[in-house]
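Data block for start-v3.csv (CSV, C-alpha atoms and all ligand atoms):
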```
chain,number,residue,atom,x,y,z
S,292,MET,CA,-27.4,-5.0,-1.2
S,293,LYS,CA,-23.7,-5.6,-1.5
S,294,LYS,CA,-21.6,-5.3,1.6
S,295,ILE,CA,-18.2,-3.7,0.8
S,296,LEU,CA,-15.1,-3.6,3.0
S,297,VAL,CA,-12.9,-0.6,2.4
S,298,THR,CA,-9.4,-0.8,4.0
S,299,GLY,CA,-7.6,2.5,4.6
S,300,ALA,CA,-11.0,4.1,5.0
S,301,ASP,CA,-9.6,6.5,7.6
S,302,GLY,CA,-7.2,8.0,4.9
S,303,PHE,CA,-7.4,10.4,2.1
S,304,ILE,CA,-8.8,8.4,-0.9
S,305,GLY,CA,-10.3,5.7,1.3
S,306,SER,CA,-12.5,8.1,3.2
S,307,HIS,CA,-13.9,9.6,0.0
S,308,LEU,CA,-14.4,6.2,-1.5
S,309,ALA,CA,-16.3,4.9,1.6
S,310,GLU,CA,-18.5,8.0,1.5
S,311,LEU,CA,-19.2,7.7,-2.2
S,312,LEU,CA,-20.1,4.0,-1.9
S,313,THR,CA,-22.4,4.8,1.0
S,314,GLN,CA,-24.1,7.6,-1.1
S,315,ASN,CA,-24.5,5.0,-3.9
S,316,GLY,CA,-26.5,2.8,-1.6
S,317,PHE,CA,-23.8,0.2,-0.7
S,318,GLN,CA,-23.4,-1.1,2.9
S,319,VAL,CA,-19.9,-0.1,3.9
S,320,LYS,CA,-17.6,-1.6,6.5
S,321,ALA,CA,-14.8,0.9,7.0
S,322,LEU,CA,-11.5,-0.3,8.3
S,323,CYS,CA,-9.5,2.4,10.2
S,324,GLN,CA,-6.1,1.7,11.6
S,325,TYR,CA,-6.3,0.9,15.3
S,326,ASN,CA,-4.8,3.6,17.6
S,327,SER,CA,-5.1,4.4,21.2
S,328,PHE,CA,-6.8,7.7,20.5
S,329,ASN,CA,-9.8,5.9,18.9
S,330,SER,CA,-9.3,8.1,16.0
S,331,TRP,CA,-11.0,7.1,12.7
S,332,GLY,CA,-9.0,9.6,10.7
S,333,TRP,CA,-11.1,11.6,8.2
S,334,LEU,CA,-14.2,9.5,9.1
S,335,ASP,CA,-14.2,11.3,12.5
S,336,THR,CA,-15.7,14.3,10.8
S,337,SER,CA,-17.7,12.6,8.1
S,338,PRO,CA,-21.5,13.1,8.3
S,339,LEU,CA,-21.8,9.7,6.5
S,340,ALA,CA,-19.8,7.8,9.1
S,341,LYS,CA,-22.9,7.0,11.1
S,342,GLU,CA,-24.2,5.0,8.1
S,343,MET,CA,-21.1,2.9,8.0
S,344,GLU,CA,-19.9,0.0,10.1
S,345,ILE,CA,-16.5,1.2,11.4
S,346,VAL,CA,-13.9,-1.3,12.6
S,347,SER,CA,-10.5,-0.5,13.9
S,348,GLY,CA,-7.6,-2.8,13.4
S,349,ASP,CA,-4.5,-3.7,11.4
S,350,VAL,CA,-4.0,-5.4,8.0
S,351,ARG,CA,-0.7,-6.8,9.3
S,352,ASP,CA,-2.7,-9.2,11.4
S,353,PRO,CA,-4.0,-12.3,9.4
S,354,PHE,CA,-6.5,-13.3,12.1
S,355,PHE,CA,-8.1,-9.9,12.1
S,356,CYS,CA,-8.3,-9.7,8.3
S,357,LYS,CA,-10.1,-13.1,8.2
S,358,THR,CA,-12.6,-12.0,10.9
S,359,ILE,CA,-13.6,-8.7,9.4
S,360,SER,CA,-14.1,-10.1,5.9
S,361,LYS,CA,-16.4,-12.9,6.9
S,362,ASP,CA,-19.7,-11.2,6.0
S,363,ILE,CA,-18.3,-9.2,3.0
S,364,ASP,CA,-19.1,-9.4,-0.8
S,365,VAL,CA,-16.4,-7.0,-2.1
S,366,ILE,CA,-13.1,-5.6,-0.8
S,367,PHE,CA,-11.5,-2.4,-1.9
S,368,HIS,CA,-8.0,-2.7,-0.4
S,369,LEU,CA,-6.4,0.7,0.0
S,370,ALA,CA,-4.7,0.5,3.4
S,371,ALA,CA,-1.0,1.2,2.9
S,372,LEU,CA,2.0,3.2,4.0
S,373,ILE,CA,2.4,5.6,1.1
S,374,ALA,CA,4.9,8.4,1.8
S,375,ILE,CA,8.0,8.0,-0.3
S,376,PRO,CA,10.4,9.9,1.9
S,377,PHE,CA,9.3,8.0,5.0
S,378,SER,CA,10.0,4.8,3.1
S,379,TYR,CA,13.7,5.8,3.0
S,380,HIS,CA,13.7,5.8,6.8
S,381,ALA,CA,11.4,2.8,7.7
S,382,PRO,CA,11.4,0.4,4.7
S,383,GLN,CA,10.6,-2.7,6.8
S,384,SER,CA,7.3,-1.2,7.9
S,385,TYR,CA,6.4,-0.7,4.2
S,386,VAL,CA,7.0,-4.4,3.6
S,387,GLU,CA,4.9,-5.4,6.6
S,388,THR,CA,2.0,-3.1,5.8
S,389,ASN,CA,2.0,-3.2,2.0
S,390,VAL,CA,3.2,-6.7,1.2
S,391,THR,CA,2.2,-8.7,4.2
S,392,GLY,CA,-1.0,-6.7,4.6
S,393,THR,CA,-2.0,-7.4,1.0
S,394,LEU,CA,-1.2,-11.1,1.5
S,395,ASN,CA,-3.4,-11.2,4.5
S,396,ILE,CA,-6.3,-9.5,2.6
S,397,CYS,CA,-5.9,-11.9,-0.3
S,398,GLN,CA,-5.9,-15.0,2.0
S,399,ALA,CA,-8.8,-13.7,4.0
S,400,ALA,CA,-10.8,-13.0,0.7
S,401,LEU,CA,-10.0,-16.5,-0.5
S,402,GLU,CA,-11.0,-18.3,2.7
S,403,ASN,CA,-14.2,-16.2,2.9
S,404,ASP,CA,-15.2,-16.7,-0.7
S,405,ILE,CA,-15.3,-12.9,-1.5
S,406,SER,CA,-16.9,-12.3,-4.9
S,407,GLN,CA,-14.5,-9.4,-5.9
S,408,VAL,CA,-11.3,-7.8,-4.6
S,409,ILE,CA,-9.9,-4.5,-5.9
S,410,HIS,CA,-6.2,-4.2,-4.8
S,411,THR,CA,-4.8,-0.6,-5.0
S,412,SER,CA,-1.5,-0.2,-6.7
S,413,THR,CA,0.2,3.1,-7.7
S,414,SER,CA,1.7,4.8,-10.8
S,415,GLU,CA,5.0,5.0,-8.7
S,416,VAL,CA,5.6,1.3,-9.6
S,417,TYR,CA,6.4,2.5,-13.2
S,418,GLY,CA,9.2,4.8,-12.1
S,419,THR,CA,10.3,7.5,-14.6
S,420,ALA,CA,8.4,7.0,-17.9
S,421,GLN,CA,10.4,5.1,-20.5
S,422,TYR,CA,7.7,6.0,-23.0
S,423,VAL,CA,4.4,8.0,-22.8
S,424,PRO,CA,1.6,7.6,-22.3
S,425,ILE,CA,2.3,4.8,-19.8
S,426,ASP,CA,0.1,1.8,-20.4
S,427,GLU,CA,-0.1,-1.3,-18.3
S,428,ASN,CA,2.7,-3.1,-20.2
S,429,HIS,CA,5.3,-0.4,-19.2
S,430,PRO,CA,8.2,-2.0,-17.2
S,431,LEU,CA,8.1,-1.7,-13.4
S,432,GLN,CA,11.0,0.2,-11.8
S,433,ALA,CA,11.5,0.2,-8.1
S,434,GLN,CA,12.8,3.7,-7.5
S,435,SER,CA,11.9,3.8,-3.8
S,436,PRO,CA,11.2,1.2,-1.1
S,437,TYR,CA,7.6,2.4,-1.3
S,438,SER,CA,7.5,1.5,-5.0
S,439,ALA,CA,9.2,-1.8,-4.3
S,440,SER,CA,6.7,-2.7,-1.7
S,441,LYS,CA,3.8,-1.9,-4.0
S,442,ILE,CA,5.3,-3.9,-6.9
S,443,ALA,CA,5.6,-6.9,-4.5
S,444,ALA,CA,2.0,-6.3,-3.2
S,445,ASP,CA,0.7,-6.2,-6.8
S,446,ALA,CA,2.6,-9.4,-7.6
S,447,MET,CA,1.1,-11.1,-4.5
S,448,ALA,CA,-2.4,-10.1,-5.8
S,449,VAL,CA,-1.7,-11.5,-9.3
S,450,SER,CA,-0.4,-14.7,-7.8
S,451,TYR,CA,-3.6,-15.2,-5.9
S,452,PHE,CA,-5.5,-14.9,-9.2
S,453,ASN,CA,-3.2,-17.3,-11.0
S,454,ALA,CA,-2.8,-19.9,-8.3
S,455,PHE,CA,-6.2,-19.8,-6.6
S,456,GLN,CA,-8.5,-18.0,-9.1
S,457,LEU,CA,-9.2,-15.2,-6.5
S,458,PRO,CA,-11.4,-12.7,-8.4
S,459,ILE,CA,-9.0,-9.8,-7.9
S,460,THR,CA,-8.1,-6.7,-10.0
S,461,ILE,CA,-5.1,-4.4,-9.6
S,462,ALA,CA,-6.3,-0.8,-9.8
S,463,ARG,CA,-3.4,1.5,-10.4
S,464,PRO,CA,-4.2,5.2,-9.7
S,465,PHE,CA,-1.9,8.0,-10.9
S,466,ASN,CA,-1.3,10.9,-8.5
S,467,THR,CA,-4.5,11.9,-6.8
S,468,TYR,CA,-5.2,15.2,-5.0
S,469,GLY,CA,-8.1,16.9,-3.3
S,470,PRO,CA,-9.6,17.7,0.2
S,471,ARG,CA,-8.0,15.7,3.1
S,472,GLN,CA,-4.8,14.8,1.4
S,473,SER,CA,-1.7,14.7,3.6
S,474,ALA,CA,0.6,17.7,3.5
S,475,ARG,CA,3.4,15.4,2.6
S,476,ALA,CA,2.0,15.6,-1.0
S,477,VAL,CA,3.0,18.6,-3.2
S,478,ILE,CA,-0.4,20.2,-3.8
S,479,PRO,CA,-1.5,20.3,-0.1
S,480,SER,CA,2.0,21.4,0.7
S,481,ILE,CA,1.8,24.4,-1.7
S,482,ILE,CA,-1.7,25.4,-0.6
S,483,THR,CA,-1.2,25.1,3.1
S,484,GLN,CA,2.1,27.1,3.0
S,485,ILE,CA,0.3,29.9,1.1
S,486,ALA,CA,-2.8,29.8,3.2
S,487,ASN,CA,-0.7,30.2,6.3
S,488,GLY,CA,0.8,33.4,5.0
S,489,ALA,CA,4.2,32.1,3.7
S,490,GLU,CA,5.9,34.6,1.4
S,491,VAL,CA,8.6,32.1,0.4
S,492,LEU,CA,7.4,28.7,-0.7
S,493,LYS,CA,9.7,25.8,0.2
S,494,LEU,CA,9.5,23.1,-2.4
S,495,GLY,CA,11.4,20.2,-3.9
S,496,ASP,CA,12.2,19.6,-7.6
S,497,LEU,CA,9.8,21.6,-9.8
S,498,ALA,CA,10.7,19.9,-13.1
S,499,PRO,CA,9.0,16.5,-12.8
S,500,THR,CA,5.6,16.0,-14.5
S,501,ARG,CA,2.5,14.2,-13.1
S,502,ASP,CA,-0.9,13.0,-14.3
S,503,PHE,CA,-2.9,14.6,-11.5
S,504,ASN,CA,-6.4,13.3,-10.8
S,505,TYR,CA,-9.1,14.9,-8.6
S,506,VAL,CA,-10.0,12.5,-5.8
S,507,GLU,CA,-13.7,12.2,-6.9
S,508,ASP,CA,-12.6,11.0,-10.3
S,509,THR,CA,-10.2,8.5,-8.8
S,510,CYS,CA,-13.0,7.2,-6.5
S,511,ASN,CA,-15.5,7.0,-9.4
S,512,ALA,CA,-13.0,5.1,-11.4
S,513,PHE,CA,-12.6,2.6,-8.6
S,514,ILE,CA,-16.4,2.3,-8.4
S,515,SER,CA,-16.6,1.7,-12.2
S,516,LEU,CA,-14.7,-1.5,-11.6
S,517,LEU,CA,-17.4,-3.0,-9.5
S,518,ASN,CA,-19.2,-6.1,-10.9
S,519,LYS,CA,-17.0,-6.2,-14.0
S,520,THR,CA,-16.1,-9.7,-14.9
S,521,ASN,CA,-13.8,-8.7,-17.8
S,522,ILE,CA,-11.1,-7.3,-15.5
S,523,LEU,CA,-10.3,-10.2,-13.2
S,524,GLY,CA,-6.6,-10.9,-12.9
S,525,GLU,CA,-5.9,-7.7,-14.8
S,526,THR,CA,-4.1,-4.4,-14.0
S,527,ILE,CA,-6.0,-1.2,-14.9
S,528,ASN,CA,-4.4,2.3,-14.9
S,529,LEU,CA,-6.6,4.9,-13.3
S,530,GLY,CA,-5.3,8.2,-14.7
S,531,SER,CA,-6.5,11.2,-16.7
S,532,ASN,CA,-4.1,11.1,-19.7
S,533,SER,CA,-3.0,14.6,-19.1
S,534,GLU,CA,0.4,15.9,-17.9
S,535,ILE,CA,1.5,19.0,-16.0
S,536,SER,CA,4.8,19.9,-14.4
S,537,ILE,CA,5.1,20.7,-10.7
S,538,SER,CA,6.3,24.1,-11.7
S,539,ASP,CA,3.1,24.8,-13.8
S,540,THR,CA,1.0,23.4,-11.0
S,541,VAL,CA,2.5,25.8,-8.5
S,542,LYS,CA,1.9,28.7,-10.9
S,543,LYS,CA,-1.8,27.7,-11.3
S,544,ILE,CA,-2.2,27.5,-7.5
S,545,ILE,CA,-0.6,30.9,-7.0
S,546,THR,CA,-2.9,32.5,-9.6
S,547,LEU,CA,-6.0,30.8,-8.1
S,548,MET,CA,-5.0,31.9,-4.6
S,549,ASN,CA,-4.1,35.4,-5.8
S,550,LYS,CA,-1.0,35.7,-3.6
S,551,ASN,CA,2.5,37.1,-4.2
S,552,VAL,CA,5.0,34.4,-3.3
S,553,THR,CA,8.5,33.4,-4.3
S,554,ILE,CA,9.8,29.9,-4.5
S,555,GLU,CA,12.9,28.5,-2.8
S,556,GLN,CA,14.3,25.0,-3.4
S,557,ASP,CA,14.5,23.2,-0.1
S,558,GLU,CA,17.3,20.6,-0.2
S,559,GLN,CA,15.6,18.2,2.3
S,560,ARG,CA,12.6,17.9,-0.1
S,561,LEU,CA,14.8,16.7,-3.0
S,562,ARG,CA,14.7,13.0,-3.6
S,563,PRO,CA,18.0,11.2,-4.4
S,564,LYS,CA,18.5,11.5,-8.2
S,565,ASN,CA,17.8,7.9,-9.1
S,566,SER,CA,14.8,7.8,-6.8
S,567,GLU,CA,13.0,10.8,-8.3
S,568,VAL,CA,10.3,9.9,-10.8
S,569,PHE,CA,10.7,12.5,-13.5
S,570,ARG,CA,7.7,11.8,-15.7
S,571,LEU,CA,4.3,10.2,-15.3
S,572,LEU,CA,1.5,10.3,-17.9
S,573,CYS,CA,-1.2,7.7,-17.9
S,574,ASP,CA,-2.6,5.8,-20.9
S,575,ASN,CA,-6.2,5.1,-19.7
S,576,THR,CA,-7.4,3.4,-22.8
S,577,LYS,CA,-7.9,0.1,-20.9
S,578,LEU,CA,-10.0,1.7,-18.2
S,579,LYS,CA,-12.2,3.3,-20.8
S,580,GLU,CA,-12.6,0.2,-22.9
S,581,LYS,CA,-13.3,-2.1,-20.0
S,582,THR,CA,-15.7,0.2,-18.0
S,583,GLY,CA,-16.6,3.2,-20.2
S,584,PHE,CA,-15.4,5.5,-17.4
S,585,GLU,CA,-14.4,9.1,-18.3
S,586,HIS,CA,-12.7,11.6,-16.0
S,587,SER,CA,-14.8,14.7,-15.5
S,588,VAL,CA,-12.9,17.1,-13.3
S,589,THR,CA,-10.3,19.4,-15.0
S,590,ILE,CA,-7.1,20.4,-13.2
S,591,ASP,CA,-8.3,24.0,-12.8
S,592,ALA,CA,-11.7,22.9,-11.3
S,593,GLY,CA,-10.1,20.3,-9.1
S,594,LEU,CA,-7.5,22.8,-7.8
S,595,GLN,CA,-10.2,25.4,-7.1
S,596,LYS,CA,-12.2,22.9,-5.0
S,597,THR,CA,-9.1,21.7,-3.2
S,598,ILE,CA,-8.1,25.3,-2.4
S,599,GLU,CA,-11.6,26.1,-1.1
S,600,TRP,CA,-11.4,23.1,1.3
S,601,PHE,CA,-7.9,23.8,2.6
S,602,THR,CA,-8.5,27.5,3.1
S,603,ASN,CA,-11.5,26.8,5.4
S,604,PRO,CA,-9.9,27.5,8.9
S,605,ASP,CA,-11.4,24.4,10.4
S,606,ASN,CA,-9.6,22.2,7.9
S,607,LEU,CA,-6.4,24.3,7.7
S,608,ARG,CA,-5.7,24.0,11.4
S,609,GLN,CA,-5.4,20.3,11.1
S,610,TYR,CA,-2.2,20.7,9.0
S,611,LYS,CA,1.3,21.6,10.2
S,612,ALA,CA,2.4,23.8,7.3
S,613,ASN,CA,5.5,25.2,9.2
S,614,ILE,CA,7.3,21.8,9.1
S,615,TYR,CA,8.4,19.5,6.3
S,616,ASN,CA,5.9,16.7,6.5
S,617,ILE,CA,7.2,13.3,5.3
Q,1,LIG,N1,-2.6,9.6,-3.0
Q,1,LIG,C1,-2.2,9.2,-4.2
Q,1,LIG,O1,-1.8,10.1,-5.0
Q,1,LIG,C2,-2.1,7.8,-4.6
Q,1,LIG,C3,-1.7,7.5,-5.9
Q,1,LIG,C4,-1.7,6.2,-6.3
Q,1,LIG,C5,-2.0,5.2,-5.4
Q,1,LIG,N2,-2.4,5.5,-4.1
Q,1,LIG,C6,-2.7,4.4,-3.2
Q,1,LIG,O2,-4.0,4.6,-2.7
Q,1,LIG,C7,-4.1,4.1,-1.4
Q,1,LIG,C8,-4.6,5.1,-0.4
Q,1,LIG,O3,-3.7,6.2,-0.4
Q,1,LIG,P1,-4.0,7.6,0.3
Q,1,LIG,O4,-3.4,8.7,-0.5
Q,1,LIG,O5,-5.4,7.7,0.7
Q,1,LIG,O6,-3.1,7.5,1.6
Q,1,LIG,P2,-3.4,7.7,3.2
Q,1,LIG,O7,-2.1,7.5,3.9
Q,1,LIG,O8,-4.3,8.9,3.4
Q,1,LIG,O9,-4.3,6.4,3.4
Q,1,LIG,C9,-3.8,5.1,3.7
Q,1,LIG,C10,-4.5,4.6,5.0
Q,1,LIG,O10,-4.1,3.3,5.3
Q,1,LIG,C11,-4.1,3.2,6.7
Q,1,LIG,N3,-3.2,2.2,7.2
Q,1,LIG,C12,-1.8,2.3,7.2
Q,1,LIG,N4,-1.3,1.2,7.7
Q,1,LIG,C13,-2.3,0.4,8.1
Q,1,LIG,C14,-2.4,-0.9,8.7
Q,1,LIG,N5,-1.3,-1.6,9.1
Q,1,LIG,N6,-3.6,-1.4,8.9
Q,1,LIG,C15,-4.7,-0.8,8.6
Q,1,LIG,N7,-4.7,0.4,8.0
Q,1,LIG,C16,-3.5,1.0,7.7
Q,1,LIG,C17,-3.7,4.5,7.3
Q,1,LIG,O11,-4.3,4.7,8.5
Q,1,LIG,C18,-4.2,5.5,6.2
Q,1,LIG,O12,-5.4,6.2,6.6
Q,1,LIG,C19,-2.8,3.5,-1.0
Q,1,LIG,O13,-2.8,2.1,-1.3
Q,1,LIG,C20,-1.8,4.2,-2.0
Q,1,LIG,O14,-0.7,3.4,-2.2
Q,1,LIG,C21,-2.4,6.8,-3.7
```

Write out the structure in this file as structure tokens.
Amino acid sequence: MKKILVTGADGFIGSHLAELLTQNGFQVKALCQYNSFNSWGWLDTSPLAKEMEIVSGDVRDPFFCKTISKDIDVIFHLAALIAIPFSYHAPQSYVETNVTGTLNICQAALENDISQVIHTSTSEVYGTAQYVPIDENHPLQAQSPYSASKIAADAMAVSYFNAFQLPITIARPFNTYGPRQSARAVIPSIITQIANGAEVLKLGDLAPTRDFNYVEDTCNAFISLLNKTNILGETINLGSNSEISISDTVKKIITLMNKNVTIEQDEQRLRPKNSEVFRLLCDNTKLKEKTGFEHSVTIDAGLQKTIEWFTNPDNLRQYKANIYNI
């Protein structure tokens, strides 16, 4: 049985991926970021956590990365700082976690002879679409320090393939949503505000469009990359090839939640003009060709499942909907 290290397993996508891998019979070592509360993030409440080996630590530490990957066959590297607004305030920490963290994982994988590494990129590296749908040859545009740090991390991953033949693939998810996502993201922000009784929704720009993916689809797309030898050194978009504006997404959520609310533009939620990514739509041809993977959750079904999860009071109380989360 393969032993898989998932970094960022305490987080939104990482916790779902660690659970799905466990359900699929893999032995999972789940890396949660060390903190003095001994919190394992979303794995604290996961019934599957007892079947995983959980380690707490930090990808910024090369010694730690080398030690935890000693007995591992495959690494899914998801640990990152990901909030765009926070990257305006603390860009150095993004370089340390996202770039140096990725370097440490690559070096540890090389020294420990890991058979496959999946490094997680993001559609944010493309910036506003210059053409659609966006394939893997689309130019990279660093419209935020977050995006810049992921572009650099991706380049580090590619360099380890070119220079040292590290068997690494760059998986590039488009916007992902679902249970457990941070309220800094637009869909949880809308749902938690409505669920907490807001009559006026405070939101940023409603015009941008996104290629939204339900978290289960994103995780299954990750898993479809396992054991594929035709993707080494390659970048693969993980997206649905469908596009919806934030405005239409809000309308769908309001209808599904059956609430009467108005929308107010909140200045602090607007990104600087050149930093806002106005359009993202994924060309997922390469993913389909290389793995045969097909997305299966429609936006309506995914939003419905997400609303059900967030409106459970046990889940809702973990969110601070009355503040602007960055
Ligand atoms: N959510 C999306 O829409 C989306 C889209 C594209 C790509 N991604 C990528 O997917 C990955 C996971 O994102 P997410 O949405 O689950 O975010 P998240 O913030 O929920 O998860 C990231 C996890 O990384 C951990 N982490 C941060 N710094 C660390 C450190 N120094 N050492 C160890 N762990 C550390 C955090 O504790 C956190 O749980 C990231 O690499 C992100 O760039 C996310």

To check your reading of the model: which residues sit at most 6 Å from ligand LIG 1 (chain Q) when counting only C-alpha atoms and all ligand atoms? Write the answer as number ranges by chain.
S: 299, 301-305, 323-324, 348-351, 369-373, 388, 411-414, 464-467

Which residues are near Tyr385 of chain S? Cut-off 8 Å, all atoms listed in the file, ignore same chain within fewer than 3 positions. Put them as a PyMOL selection string.
chain S and resi 371-372+378+381-382+388-390+436-437+440

Quick one: everything within 6 Å of segment 574-580 of chain S, counting all atoms listed in the file, minus sequence neighbours fewer than 3 positions away in the same chain. Send it as an mmCIF file with C-alpha atoms, keeping the file's coordinate frame.
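Result saved to selection07.cif:
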```
data_model
loop_
_atom_site.group_PDB
_atom_site.id
_atom_site.type_symbol
_atom_site.label_atom_id
_atom_site.label_comp_id
_atom_site.auth_asym_id
_atom_site.auth_seq_id
_atom_site.Cartn_x
_atom_site.Cartn_y
_atom_site.Cartn_z
ATOM 1 C CA PRO S 424 1.600 7.600 -22.300
ATOM 2 C CA ILE S 425 2.300 4.800 -19.800
ATOM 3 C CA ASP S 426 0.100 1.800 -20.400
ATOM 4 C CA ILE S 527 -6.000 -1.200 -14.900
ATOM 5 C CA ASN S 528 -4.400 2.300 -14.900
ATOM 6 C CA GLY S 530 -5.300 8.200 -14.700
ATOM 7 C CA ASN S 532 -4.100 11.100 -19.700
ATOM 8 C CA GLY S 583 -16.600 3.200 -20.200
ATOM 9 C CA PHE S 584 -15.400 5.500 -17.400
#
```

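Distances to Gln407 of chain S were evaluated for S:Phe377, S:Phe452, S:Tyr615, S:Tyr422 using all atoms listed in the file, and the minimum falls at S:Phe452.
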
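Minimum atom-to-atom distance to Val506 of chain S, evaluated using all atoms listed in the file, belongs to S:Leu308 out of S:Ala340, S:Ala612, S:Leu308, S:Ala300.
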
Could you tell me, as JSON, numbers by chain, which residues have any atom at most 12 Å from (-0.3, -12.0, -8.1), counting only C-alpha atoms?
{"S": [390, 393, 394, 397, 398, 410, 412, 441, 442, 443, 444, 445, 446, 447, 448, 449, 450, 451, 452, 453, 454, 455, 456, 457, 458, 459, 460, 461, 523, 524, 525, 526]}

Take the point (-18.7, 17.5, 5.0) as written in the file and pick out every residue within 12 Å of it, counting all atoms listed in the file; give the list as a PDB file with C-alpha atoms, keeping the file's coordinate frame.
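The resulting file, part.pdb, is shown below:
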```
ATOM      1  CA  SER S 306     -12.500   8.100   3.200  1.00  0.00           C
ATOM      2  CA  HIS S 307     -13.900   9.600   0.000  1.00  0.00           C
ATOM      3  CA  GLU S 310     -18.500   8.000   1.500  1.00  0.00           C
ATOM      4  CA  TRP S 333     -11.100  11.600   8.200  1.00  0.00           C
ATOM      5  CA  LEU S 334     -14.200   9.500   9.100  1.00  0.00           C
ATOM      6  CA  ASP S 335     -14.200  11.300  12.500  1.00  0.00           C
ATOM      7  CA  THR S 336     -15.700  14.300  10.800  1.00  0.00           C
ATOM      8  CA  SER S 337     -17.700  12.600   8.100  1.00  0.00           C
ATOM      9  CA  PRO S 338     -21.500  13.100   8.300  1.00  0.00           C
ATOM     10  CA  LEU S 339     -21.800   9.700   6.500  1.00  0.00           C
ATOM     11  CA  ALA S 340     -19.800   7.800   9.100  1.00  0.00           C
ATOM     12  CA  PRO S 470      -9.600  17.700   0.200  1.00  0.00           C
ATOM     13  CA  ARG S 471      -8.000  15.700   3.100  1.00  0.00           C
ATOM     14  CA  TRP S 600     -11.400  23.100   1.300  1.00  0.00           C
ATOM     15  CA  ASN S 603     -11.500  26.800   5.400  1.00  0.00           C
ATOM     16  CA  ASP S 605     -11.400  24.400  10.400  1.00  0.00           C
ATOM     17  CA  ASN S 606      -9.600  22.200   7.900  1.00  0.00           C
TER      18      ASN S 606
END
```

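For the residues S:Leu312, S:Ile478, S:Ala489, S:Ile366, ranking by smallest atom-to-atom distance to Ile598 of chain S using all atoms listed in the file places S:Ile478 first.
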
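With all atoms listed in the file as the atoms that count, the residue of S:Gln609, S:Val423, S:Ser538, S:Val297 with the shortest distance to Gln318 of chain S is S:Val297.
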
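Relative to atom CA of Ile554 of chain S, atom CA of Leu594 of chain S is found at 19.0 Å.
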
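Among the candidates S:Ile617, S:Leu431, S:Val568, S:Val588, the one nearest to Asn504 of chain S when counting all atoms listed in the file is S:Val588.
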
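Among S:Ala486, S:Leu296, S:Val386, S:Leu322, the residue with the shortest atom-to-atom distance to Ile405 of chain S, counting all atoms listed in the file, is S:Leu296.
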
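Picture a line from atom CA of Asp591 of chain S to atom CA of Arg463 of chain S; it runs 23.2 Å.
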
Leaving out Leu547 of chain S and any residue of its chain fewer than 5 positions from it, which residues lie within 12 Å of it when counting only C-alpha atoms, given as a VMD selection string?
chain S and resid 481 to 482 485 to 486 540 to 542 590 to 599 602

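When atom CA of Gly392 of chain S is paired with atom CA of Glu427 of chain S, their separation reads 23.5 Å.
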
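Near Asn326 of chain S, within 9 Å and counting all atoms listed in the file, sit Ser330, Trp331, Ser347 and Gly348 of chain S, not including residues fewer than 4 positions from it in the same chain.
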
Polymer residues at most 10 Å from segment 557-563 of chain S, all atoms listed in the file, same-chain spacing of 6 or more positions, as a list of chain:residue names:
S:Ile375, S:Pro376, S:Tyr379, S:Gln434, S:Ser435, S:Arg475, S:Leu492, S:Lys493, S:Leu494, S:Gly495, S:Asp496, S:Leu497, S:Tyr615, S:Asn616, S:Ile617

Please supply segment 536-546 of chain S, rebuilt with N, CA and C atoms, as an mmCIF file, in the frame of the given file.
```
data_model
loop_
_atom_site.group_PDB
_atom_site.id
_atom_site.type_symbol
_atom_site.label_atom_id
_atom_site.label_comp_id
_atom_site.auth_asym_id
_atom_site.auth_seq_id
_atom_site.Cartn_x
_atom_site.Cartn_y
_atom_site.Cartn_z
ATOM 1 N N SER S 536 3.646 19.879 -15.257
ATOM 2 C CA SER S 536 4.800 19.900 -14.400
ATOM 3 C C SER S 536 4.477 20.446 -13.029
ATOM 4 N N ILE S 537 5.322 20.150 -12.047
ATOM 5 C CA ILE S 537 5.100 20.700 -10.700
ATOM 6 C C ILE S 537 5.170 22.227 -10.792
ATOM 7 N N SER S 538 6.112 22.706 -11.596
ATOM 8 C CA SER S 538 6.300 24.100 -11.700
ATOM 9 C C SER S 538 4.987 24.814 -12.239
ATOM 10 N N ASP S 539 4.366 24.240 -13.269
ATOM 11 C CA ASP S 539 3.100 24.800 -13.800
ATOM 12 C C ASP S 539 1.966 24.651 -12.791
ATOM 13 N N THR S 540 2.020 23.572 -12.006
ATOM 14 C CA THR S 540 1.000 23.400 -11.000
ATOM 15 C C THR S 540 1.087 24.474 -9.932
ATOM 16 N N VAL S 541 2.324 24.774 -9.505
ATOM 17 C CA VAL S 541 2.500 25.800 -8.500
ATOM 18 C C VAL S 541 1.983 27.165 -9.078
ATOM 19 N N LYS S 542 2.313 27.443 -10.340
ATOM 20 C CA LYS S 542 1.900 28.700 -10.900
ATOM 21 C C LYS S 542 0.338 28.799 -10.935
ATOM 22 N N LYS S 543 -0.326 27.700 -11.283
ATOM 23 C CA LYS S 543 -1.800 27.700 -11.300
ATOM 24 C C LYS S 543 -2.340 27.988 -9.897
ATOM 25 N N ILE S 544 -1.741 27.348 -8.870
ATOM 26 C CA ILE S 544 -2.200 27.500 -7.500
ATOM 27 C C ILE S 544 -2.023 28.972 -7.041
ATOM 28 N N ILE S 545 -0.851 29.517 -7.365
ATOM 29 C CA ILE S 545 -0.600 30.900 -7.000
ATOM 30 C C ILE S 545 -1.581 31.846 -7.613
ATOM 31 N N THR S 546 -1.882 31.612 -8.887
ATOM 32 C CA THR S 546 -2.900 32.500 -9.600
ATOM 33 C C THR S 546 -4.250 32.304 -8.934
#
```
